[in-house]
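Data file: target_0.cif. Format and content: mmCIF, C-alpha atoms.
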data_entry
loop_
_atom_site.label_atom_id
_atom_site.label_comp_id
_atom_site.auth_asym_id
_atom_site.auth_seq_id
_atom_site.Cartn_x
_atom_site.Cartn_y
_atom_site.Cartn_z
CA MET A 1 0.00 0.00 0.00
CA ASN A 2 1.25 3.51 -0.76
CA LYS A 3 2.47 5.69 2.08
CA ARG A 4 -0.44 7.47 3.67
CA PHE A 5 -0.88 10.37 6.02
CA LEU A 6 -3.42 11.60 8.51
CA ALA A 7 -4.61 15.13 8.05
CA VAL A 8 -2.68 17.91 9.78
CA VAL A 9 -4.95 19.91 11.99
CA GLY A 10 -3.16 22.82 13.63
CA VAL A 11 -4.50 24.76 16.57
CA GLY A 12 -5.13 27.82 14.41
CA LEU A 13 -7.01 25.81 11.79
CA VAL A 14 -9.10 24.05 14.41
CA GLY A 15 -10.05 27.39 15.90
CA ALA A 16 -10.90 28.87 12.54
CA LEU A 17 -13.08 25.93 11.55
CA ALA A 18 -14.94 26.03 14.83
CA PHE A 19 -16.11 29.55 14.04
CA THR A 20 -16.49 29.44 10.27
CA ALA A 21 -17.76 25.96 9.41
CA SER A 22 -21.35 24.83 9.62
CA PRO A 23 -22.31 21.16 9.98
CA ALA A 24 -23.10 19.26 6.81
CA SER A 25 -26.81 18.56 6.44
CA ALA A 26 -28.26 15.08 6.76
CA ASP A 27 -29.29 13.43 3.49
CA PRO A 28 -29.23 15.34 0.18
CA THR A 29 -30.28 18.99 0.44
CA GLY A 30 -30.88 21.54 -2.27
CA SER A 31 -31.56 20.94 -5.92
CA PRO A 32 -31.92 18.41 -7.39
CA THR A 33 -33.75 16.48 -4.69
CA TYR A 34 -32.81 13.15 -6.24
CA ARG A 35 -29.26 12.77 -7.54
CA THR A 36 -27.82 10.63 -10.31
CA LEU A 37 -25.65 8.71 -7.84
CA ALA A 38 -27.35 7.61 -4.61
CA GLY A 39 -25.26 6.12 -1.81
CA VAL A 40 -25.66 4.82 1.74
CA GLY A 41 -23.56 3.16 4.43
CA SER A 42 -20.71 4.25 6.68
CA ASP A 43 -21.33 6.72 9.49
CA THR A 44 -17.61 7.53 9.49
CA THR A 45 -17.58 8.87 5.94
CA GLU A 46 -21.11 10.24 5.70
CA GLY A 47 -19.95 13.75 6.68
CA VAL A 48 -17.21 14.00 4.09
CA MET A 49 -19.44 12.49 1.39
CA ASN A 50 -22.22 14.92 2.34
CA GLY A 51 -19.66 17.69 1.98
CA LEU A 52 -18.50 16.40 -1.39
CA SER A 53 -22.12 16.12 -2.53
CA GLN A 54 -22.39 19.90 -2.21
CA VAL A 55 -19.30 20.70 -4.31
CA VAL A 56 -19.12 17.90 -6.89
CA THR A 57 -21.10 18.95 -9.95
CA ILE A 58 -21.30 18.01 -13.61
CA ASN A 59 -22.44 20.83 -15.90
CA GLY A 60 -23.35 22.76 -12.75
CA VAL A 61 -25.64 20.03 -11.38
CA LYS A 62 -25.01 18.19 -8.10
CA VAL A 63 -24.76 14.47 -8.79
CA ILE A 64 -23.99 12.77 -5.44
CA GLY A 65 -26.87 11.85 -3.14
CA SER A 66 -25.40 10.67 0.18
CA TYR A 67 -27.87 9.39 2.79
CA ASP A 68 -26.89 9.32 6.46
CA ALA A 69 -26.47 6.10 8.41
CA PHE A 70 -28.98 7.20 11.06
CA GLY A 71 -32.23 9.16 10.84
CA SER A 72 -35.69 8.27 9.59
CA ALA A 73 -36.48 4.57 9.29
CA THR A 74 -36.78 4.77 5.51
CA ILE A 75 -35.29 6.86 2.72
CA GLN A 76 -36.29 7.53 -0.88
CA THR A 77 -33.27 7.61 -3.19
CA LYS A 78 -34.87 8.20 -6.61
CA GLU A 79 -37.85 10.18 -7.81
CA THR A 80 -39.92 7.10 -8.64
CA GLY A 81 -40.14 4.28 -6.10
CA CYS A 82 -36.93 3.37 -4.29
CA VAL A 83 -38.24 3.72 -0.74
CA ILE A 84 -35.89 1.50 1.27
CA ASN A 85 -34.98 0.90 4.90
CA ARG A 86 -32.12 3.19 5.91
CA PRO A 87 -28.88 1.14 6.05
CA ALA A 88 -26.70 1.93 9.09
CA GLY A 89 -22.99 1.31 8.74
CA SER A 90 -20.56 0.06 6.13
CA GLY A 91 -21.69 -3.56 6.03
CA ASN A 92 -25.38 -2.73 5.87
CA GLY A 93 -24.68 -0.13 3.19
CA VAL A 94 -22.81 -2.56 0.96
CA THR A 95 -25.48 -5.20 1.56
CA ALA A 96 -28.15 -2.71 0.45
CA LEU A 97 -26.12 -1.88 -2.67
CA VAL A 98 -25.86 -5.58 -3.50
CA ALA A 99 -29.62 -6.01 -3.00
CA SER A 100 -30.30 -3.10 -5.36
CA GLN A 101 -27.88 -4.54 -7.88
CA ASP A 102 -29.45 -8.02 -7.66
CA ALA A 103 -32.92 -6.51 -8.10
CA ALA A 104 -31.72 -4.30 -10.96
CA ASN A 105 -33.92 -1.51 -9.55
CA GLY A 106 -31.40 1.33 -9.84
CA CYS A 107 -32.15 2.57 -6.32
CA LEU A 108 -28.51 2.65 -5.17
CA ASP A 109 -25.34 3.41 -7.11
CA PHE A 110 -22.61 3.27 -4.47
CA ALA A 111 -21.99 2.49 -0.81
CA ARG A 112 -19.76 4.19 1.72
CA SER A 113 -17.39 1.82 3.54
CA SER A 114 -14.84 2.63 6.22
CA SER A 115 -13.32 -0.85 6.05
CA ASN A 116 -12.25 -3.29 3.38
CA ASN A 117 -14.93 -5.95 3.73
CA ALA A 118 -14.70 -7.08 0.11
CA SER A 119 -14.16 -10.71 1.12
CA SER A 120 -17.67 -10.77 2.61
CA TYR A 121 -19.22 -10.14 -0.81
CA ALA A 122 -17.57 -12.79 -2.96
CA GLY A 123 -19.06 -13.03 -6.42
CA LYS A 124 -20.89 -9.69 -6.19
CA ASN A 125 -18.54 -7.85 -8.58
CA LEU A 126 -17.88 -4.76 -6.50
CA ALA A 127 -14.97 -2.32 -6.71
CA TYR A 128 -13.72 -0.76 -3.46
CA ILE A 129 -12.43 2.65 -4.54
CA PRO A 130 -10.24 4.38 -1.91
CA PHE A 131 -10.61 8.14 -1.60
CA ALA A 132 -9.32 9.17 1.84
CA VAL A 133 -7.30 8.03 4.86
CA ASP A 134 -8.45 7.78 8.47
CA ALA A 135 -7.19 6.14 11.64
CA VAL A 136 -8.94 4.64 14.63
CA THR A 137 -7.99 5.04 18.27
CA TYR A 138 -9.86 4.67 21.56
CA ALA A 139 -11.90 7.24 23.46
CA VAL A 140 -12.78 7.65 27.14
CA ARG A 141 -14.65 10.29 29.10
CA SER A 142 -12.66 13.36 30.10
CA ASP A 143 -13.52 12.68 33.76
CA SER A 144 -12.35 9.06 33.54
CA GLY A 145 -9.30 7.75 35.37
CA ILE A 146 -8.46 5.41 32.47
CA SER A 147 -5.02 6.05 31.01
CA ARG A 148 -4.85 8.23 27.91
CA THR A 149 -1.78 6.27 26.76
CA LEU A 150 -2.98 2.70 26.32
CA SER A 151 -1.27 0.39 23.86
CA LYS A 152 -2.88 -1.92 21.33
CA ALA A 153 -1.86 -4.78 23.64
CA ASN A 154 -3.71 -3.08 26.51
CA LEU A 155 -6.83 -2.74 24.36
CA THR A 156 -6.62 -6.39 23.34
CA THR A 157 -6.64 -7.33 27.02
CA ILE A 158 -9.57 -4.99 27.74
CA TYR A 159 -11.64 -6.39 24.84
CA ASN A 160 -10.75 -9.92 25.95
CA CYS A 161 -12.42 -9.01 29.26
CA GLY A 162 -9.14 -9.52 31.06
CA ALA A 163 -8.56 -6.06 32.51
CA GLY A 164 -10.92 -6.28 35.45
CA ALA A 165 -13.95 -4.37 36.67
CA ASN A 166 -12.40 -0.94 36.18
CA TYR A 167 -13.00 -1.19 32.42
CA GLN A 168 -16.24 -1.43 30.44
CA PRO A 169 -15.41 -2.02 26.75
CA LEU A 170 -18.01 -0.77 24.27
CA LEU A 171 -18.64 -1.70 20.64
CA PRO A 172 -20.82 0.07 18.07
CA GLN A 173 -23.51 -1.72 16.09
CA PHE A 174 -22.74 -4.85 14.07
CA GLY A 175 -22.15 -3.82 10.48
CA SER A 176 -20.09 -0.79 11.51
CA GLY A 177 -16.87 -0.51 9.52
CA THR A 178 -15.15 1.08 12.51
CA ARG A 179 -16.18 -1.86 14.70
CA SER A 180 -14.96 -4.53 12.27
CA PHE A 181 -11.71 -2.67 11.54
CA PHE A 182 -11.00 -2.13 15.24
CA LEU A 183 -11.66 -5.76 16.16
CA LYS A 184 -9.56 -7.03 13.26
CA SER A 185 -6.71 -4.74 14.36
CA LEU A 186 -6.88 -6.34 17.81
CA GLY A 187 -6.77 -9.82 16.29
CA PHE A 188 -10.47 -10.65 16.63
CA THR A 189 -13.00 -11.77 14.02
CA ASP A 190 -16.20 -9.74 14.06
CA VAL A 191 -19.49 -11.63 14.13
CA ALA A 192 -23.04 -10.60 14.99
CA ASP A 193 -23.02 -12.55 18.26
CA PHE A 194 -19.55 -11.31 19.27
CA THR A 195 -20.45 -10.62 22.90
CA SER A 196 -21.77 -14.15 23.43
CA GLN A 197 -18.35 -15.64 22.75
CA PRO A 198 -16.00 -16.70 25.57
CA ASN A 199 -13.78 -13.80 26.74
CA HIS A 200 -16.10 -11.20 25.22
CA THR A 201 -19.16 -11.38 27.48
CA CYS A 202 -18.18 -8.19 29.35
CA ILE A 203 -18.51 -6.04 26.23
CA LYS A 204 -21.49 -3.71 26.00
CA GLN A 205 -22.96 -2.88 22.59
CA VAL A 206 -26.33 -1.29 23.41
CA ASP A 207 -27.26 2.12 24.80
CA ALA A 208 -29.52 3.02 27.73
CA THR A 209 -32.61 2.27 25.63
CA ASN A 210 -31.23 -1.14 24.62
CA GLN A 211 -30.57 0.03 21.06
CA PRO A 212 -27.30 -0.78 19.27
CA LEU A 213 -24.63 1.82 20.00
CA GLN A 214 -23.99 4.23 17.15
CA GLU A 215 -20.34 4.44 16.10
CA ASN A 216 -18.42 7.67 16.70
CA ASN A 217 -21.02 9.01 19.12
CA GLY A 218 -19.27 10.04 22.33
CA ALA A 219 -22.51 11.22 23.91
CA LEU A 220 -23.36 7.53 24.40
CA VAL A 221 -20.30 7.03 26.60
CA THR A 222 -21.92 7.61 29.99
CA ASP A 223 -19.61 5.89 32.48
CA VAL A 224 -16.03 6.67 33.49
CA LYS A 225 -15.14 2.98 33.08
CA GLN A 226 -16.13 2.85 29.43
CA VAL A 227 -13.73 2.56 26.48
CA VAL A 228 -14.86 2.80 22.85
CA PRO A 229 -13.23 2.81 19.40
CA TYR A 230 -13.42 6.16 17.60
CA SER A 231 -12.55 7.48 14.16
CA ILE A 232 -9.96 10.24 14.46
CA ALA A 233 -11.34 11.99 11.37
CA GLN A 234 -14.85 11.94 12.80
CA TYR A 235 -13.62 13.33 16.13
CA LEU A 236 -11.78 16.17 14.42
CA ALA A 237 -14.80 16.98 12.25
CA GLN A 238 -17.13 16.92 15.27
CA THR A 239 -14.96 19.06 17.52
CA THR A 240 -14.50 21.67 14.80
CA SER A 241 -18.27 21.71 14.12
CA VAL A 242 -17.91 20.64 10.49
CA VAL A 243 -20.41 17.88 11.25
CA PRO A 244 -22.90 17.73 14.14
CA ASP A 245 -20.88 17.54 17.35
CA VAL A 246 -21.82 14.37 19.24
CA HIS A 247 -18.47 13.75 20.92
CA GLY A 248 -19.99 14.55 24.30
CA LYS A 249 -17.39 14.36 27.05
CA VAL A 250 -15.02 11.92 25.38
CA VAL A 251 -11.38 12.55 24.59
CA LEU A 252 -9.15 10.47 22.34
CA GLY A 253 -6.36 8.35 23.73
CA GLN A 254 -2.79 8.29 22.42
CA MET A 255 -2.69 4.65 21.41
CA ASP A 256 0.87 3.32 21.43
CA GLY A 257 2.03 6.85 22.26
CA ILE A 258 0.88 8.37 18.96
CA ALA A 259 -1.01 11.64 19.35
CA PRO A 260 -4.39 11.43 17.57
CA THR A 261 -4.55 15.05 16.37
CA VAL A 262 -1.21 15.57 14.65
CA LEU A 263 0.42 14.33 11.46
CA ASN A 264 1.77 10.81 11.79
CA THR A 265 2.73 8.00 9.46
CA SER A 266 2.90 5.22 12.04
CA SER A 267 -0.56 4.84 13.52
CA SER A 268 -1.13 1.16 14.20
CA MET A 269 -4.78 1.55 13.16
CA ILE A 270 -4.48 3.62 9.99
CA ARG A 271 -7.01 2.74 7.29
CA ASP A 272 -8.23 3.57 3.82
CA VAL A 273 -11.90 4.49 3.42
CA TYR A 274 -13.84 3.64 0.29
CA ASN A 275 -16.73 4.26 -2.02
CA VAL A 276 -17.99 0.89 -3.27
CA VAL A 277 -19.29 0.73 -6.84
CA PRO A 278 -20.55 -2.22 -8.94
CA VAL A 279 -17.84 -3.16 -11.44
CA ASN A 280 -20.35 -3.02 -14.29
CA LYS A 281 -20.96 0.67 -13.49
CA LEU A 282 -17.32 1.74 -13.72
CA GLY A 283 -17.70 2.56 -17.42
CA ASP A 284 -20.69 4.80 -16.79
CA SER A 285 -19.65 8.36 -17.62
CA THR A 286 -21.02 9.89 -14.40
CA VAL A 287 -19.57 7.18 -12.16
CA SER A 288 -16.23 7.51 -13.91
CA GLN A 289 -16.09 11.30 -13.63
CA VAL A 290 -17.04 11.25 -9.95
CA PHE A 291 -15.13 8.25 -8.54
CA VAL A 292 -12.62 6.71 -10.98
CA GLY A 293 -8.99 7.78 -11.20
CA SER A 294 -6.82 10.37 -9.48
CA ASN A 295 -8.38 13.11 -11.60
CA SER A 296 -11.94 12.20 -10.63
CA LEU A 297 -14.14 14.88 -9.08
CA VAL A 298 -13.95 13.28 -5.64
CA CYS A 299 -10.17 12.95 -5.72
CA THR A 300 -9.53 16.49 -6.93
CA ASN A 301 -11.56 17.94 -4.05
CA ALA A 302 -8.73 17.34 -1.57
CA ASN A 303 -9.54 20.47 0.43
CA THR A 304 -13.03 19.15 1.19
CA ILE A 305 -11.58 15.79 2.22
CA LYS A 306 -9.14 17.50 4.60
CA LYS A 307 -11.85 19.80 5.96
CA TYR A 308 -13.61 16.73 7.37
CA GLY A 309 -10.51 15.47 9.20
CA PHE A 310 -9.35 12.93 6.61
CA ALA A 311 -6.21 12.92 4.51
CA PRO A 312 -6.27 12.53 0.74
CA ASN A 313 -5.38 9.02 -0.35
CA ALA A 314 -2.35 8.40 -2.56
CA SER A 315 -4.38 5.67 -4.29
CA CYS A 316 -7.52 7.78 -4.66
CA GLY A 317 -9.70 6.58 -7.50
CA ASP A 318 -7.94 3.24 -7.95
CA THR A 319 -10.39 0.47 -8.97
CA THR A 320 -8.16 -2.60 -8.65
CA LEU A 321 -9.46 -3.68 -5.22
CA ARG A 322 -12.48 -5.83 -6.00
CA THR A 323 -14.56 -8.55 -4.43
CA PRO A 324 -13.19 -12.04 -5.05
#

Could you show the structure in this file as structure tokens?
Amino acid sequence: MNKRFLAVVGVGLVGALAFTASPASADPTGSPTYRTLAGVGSDTTEGVMNGLSQVVTINGVKVIGSYDAFGSATIQTKETGCVINRPAGSGNGVTALVASQDAANGCLDFARSSSNNASSYAGKNLAYIPFAVDAVTYAVRSDSGISRTLSKANLTTIYNCGAGANYQPLLPQFGSGTRSFFLKSLGFTDVADFTSQPNHTCIKQVDATNQPLQENNGALVTDVKQVVPYSIAQYLAQTTSVVPDVHGKVVLGQMDGIAPTVLNTSSSMIRDVYNVVPVNKLGDSTVSQVFVGSNSLVCTNANTIKKYGFAPNASCGDTTLRTP
């Protein structure tokens, strides 16, 4: 993989964004109501894709329709029909894209994915197109006594329920790209019944209303013993008010001693994030202009990508990563 960088966010820039940026709106806003390319999926990348949907145009017309992971129970993605259940998270987004492709209904054109889960969709002819770089670390409440300098080995122990009663490990909803990437980085295999497995029964994955925990939502961290995975890009975007700020009272930890808000090339949980497109759509002129190649409209909007806490990806627009 090419060398990748996290975005540099200086104190001055953070301050400026906090006063000048307004949160990206949920679901497509403005004209046209229904866009040529409709996409769903990852919570982690919904903000940046919402931002790109406002600036990426062809002949002056906005073409990206990016629907949030959470909100109303259903969404309508095209002018006629196409009322579907709202997919929450990378896995559910890609699954919805596959369902649309299998039904040949044209309701979805791409999916947002914050992890490479291509192996889960063998035979579905999907291209995972990288466009930005993120990293994951852990978060705890600011009033917690938990160390801000845990290592990956420490986190493995915590999520193996071996760190004792002073820790309450949390996981976001199954299907979350952040969840699956985090668990894989710790050496675990993510499954729907993860917490029923030996050594993982101490993990909590529901909120106070017994609903699955939303990823990258620090407001749901309510106890000083709790530890949760968090996207660094999402945290930066939230705390600079580029997206709705739901970080609550959490702060990011310096996993393995690497500060989460400065440039680094050695994060142990660095990751590419993707837009997933059916291979048979890659030749479509709109899909190609928007997603394919380093000169695509998404890739050439590097300033928007950085505004949302991500770094541009050296392999942006590459279509060689495909489902087996």

List every residue of range 203-305 of chain A that has an atom at most 8 Å from any atom of range 55-73 of chain A, and for each one report the closest atom pair and its distance in Å to one decimal, counting only C-alpha atoms, with rows sorted by chain and then by increasing residue number, as JSON lines.
{"residue": "A:Val290", "atom": "CA", "partner": "A:Val56", "partner_atom": "CA", "distance": 7.6}
{"residue": "A:Leu297", "atom": "CA", "partner": "A:Val56", "partner_atom": "CA", "distance": 6.2}
{"residue": "A:Val298", "atom": "CA", "partner": "A:Val56", "partner_atom": "CA", "distance": 7.0}

Filtering to C-alpha atoms, could you give me those residues as a JSON list (two decimals), in the frame of the given file?
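File produced: out.json:
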[["chain", "number", "residue", "atom", "x", "y", "z"],
["A", 290, "VAL", "CA", -17.04, 11.25, -9.95],
["A", 297, "LEU", "CA", -14.14, 14.88, -9.08],
["A", 298, "VAL", "CA", -13.95, 13.28, -5.64]]

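Relative to CA of Ser296 in chain A, CA of Ser268 in chain A is found at 29.2 Å.
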
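Among the candidates A:Ala139, A:Ala96, A:Cys82, A:Leu171, the residue lying nearest to Tyr159 in chain A is A:Leu171 (atoms considered: all atoms listed in the file).
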
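You can rank A:Ala127, A:Val133, A:Cys107, A:Val251 by their closest distance to Asn280 in chain A using all atoms listed in the file, and at the top of that list sits A:Ala127.
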
Would you mind listing, for every residue of range 31-62 of chain A within 12 Å of range 208-214 of chain A, the two atoms forming the shortest contact and the distance between them in Å to one decimal, using all atoms listed in the file, sorted by chain and ascending residue number, as a Markdown table?
| residue | atom | partner | partner_atom | distance |
| --- | --- | --- | --- | --- |
| A:Ser42 | CA | A:Gln214 | CA | 11.0 |
| A:Asp43 | CA | A:Gln214 | CA | 8.5 |
| A:Thr44 | CA | A:Gln214 | CA | 10.5 |

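Residues matched by the PyMOL selection byres ((chain A and resi 220) around 9) in this file: Asp207, Ala208, Leu213, Gln214, Asn217, Gly218, Ala219, Val221, Thr222, Val246, His247 and Gly248 of chain A.
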
So which one's closest to Gly253 in chain A, A:Val287, A:Ala302, A:Leu155, A:Leu170? Using only C-alpha atoms, please.
-> A:Leu155

Missing atoms in range 183-205 of chain A: can you complete it with N, CA and C atoms, as a short mmCIF file (atom, residue, chain, number, x, y, z; two decimals), in the frame of the given file?
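out-v9.cif, written as the output of this step:
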data_model
loop_
_atom_site.label_atom_id
_atom_site.label_comp_id
_atom_site.auth_asym_id
_atom_site.auth_seq_id
_atom_site.Cartn_x
_atom_site.Cartn_y
_atom_site.Cartn_z
N LEU A 183 -11.79 -4.39 15.67
CA LEU A 183 -11.66 -5.76 16.16
C LEU A 183 -10.60 -6.53 15.39
N LYS A 184 -10.58 -6.36 14.08
CA LYS A 184 -9.56 -7.03 13.26
C LYS A 184 -8.17 -6.56 13.65
N SER A 185 -8.01 -5.28 13.95
CA SER A 185 -6.71 -4.74 14.36
C SER A 185 -6.25 -5.33 15.68
N LEU A 186 -7.22 -5.71 16.53
CA LEU A 186 -6.88 -6.34 17.81
C LEU A 186 -6.73 -7.85 17.70
N GLY A 187 -6.93 -8.39 16.51
CA GLY A 187 -6.77 -9.82 16.29
C GLY A 187 -8.03 -10.63 16.44
N PHE A 188 -9.20 -9.96 16.48
CA PHE A 188 -10.47 -10.65 16.63
C PHE A 188 -11.23 -10.70 15.30
N THR A 189 -12.12 -11.67 15.18
CA THR A 189 -13.00 -11.77 14.02
C THR A 189 -14.38 -11.29 14.43
N ASP A 190 -14.90 -10.32 13.73
CA ASP A 190 -16.20 -9.74 14.06
C ASP A 190 -17.33 -10.64 13.58
N VAL A 191 -18.27 -10.89 14.46
CA VAL A 191 -19.49 -11.63 14.13
C VAL A 191 -20.65 -10.97 14.87
N ALA A 192 -21.87 -11.24 14.41
CA ALA A 192 -23.04 -10.60 14.99
C ALA A 192 -23.20 -10.92 16.47
N ASP A 193 -22.86 -12.15 16.87
CA ASP A 193 -23.02 -12.55 18.26
C ASP A 193 -21.69 -12.45 19.02
N PHE A 194 -20.90 -11.45 18.71
CA PHE A 194 -19.55 -11.31 19.27
C PHE A 194 -19.53 -11.37 20.79
N THR A 195 -20.47 -10.70 21.44
CA THR A 195 -20.45 -10.62 22.90
C THR A 195 -20.89 -11.91 23.58
N SER A 196 -21.39 -12.87 22.82
CA SER A 196 -21.77 -14.15 23.43
C SER A 196 -20.62 -15.15 23.43
N GLN A 197 -19.50 -14.75 22.82
CA GLN A 197 -18.35 -15.64 22.75
C GLN A 197 -17.56 -15.61 24.06
N PRO A 198 -16.87 -16.70 24.39
CA PRO A 198 -16.00 -16.70 25.57
C PRO A 198 -15.00 -15.55 25.49
N ASN A 199 -14.72 -14.92 26.62
CA ASN A 199 -13.78 -13.80 26.74
C ASN A 199 -14.33 -12.48 26.24
N HIS A 200 -15.56 -12.46 25.73
CA HIS A 200 -16.10 -11.20 25.22
C HIS A 200 -17.45 -10.86 25.86
N THR A 201 -17.83 -11.58 26.88
CA THR A 201 -19.16 -11.38 27.48
C THR A 201 -19.26 -10.07 28.25
N CYS A 202 -18.13 -9.44 28.59
CA CYS A 202 -18.18 -8.19 29.35
C CYS A 202 -18.44 -6.98 28.47
N ILE A 203 -18.38 -7.15 27.16
CA ILE A 203 -18.51 -6.04 26.23
C ILE A 203 -19.97 -5.59 26.14
N LYS A 204 -20.16 -4.28 26.13
CA LYS A 204 -21.49 -3.71 26.00
C LYS A 204 -21.64 -3.12 24.60
N GLN A 205 -22.76 -3.42 23.93
CA GLN A 205 -22.96 -2.88 22.59
C GLN A 205 -24.36 -2.31 22.38
#
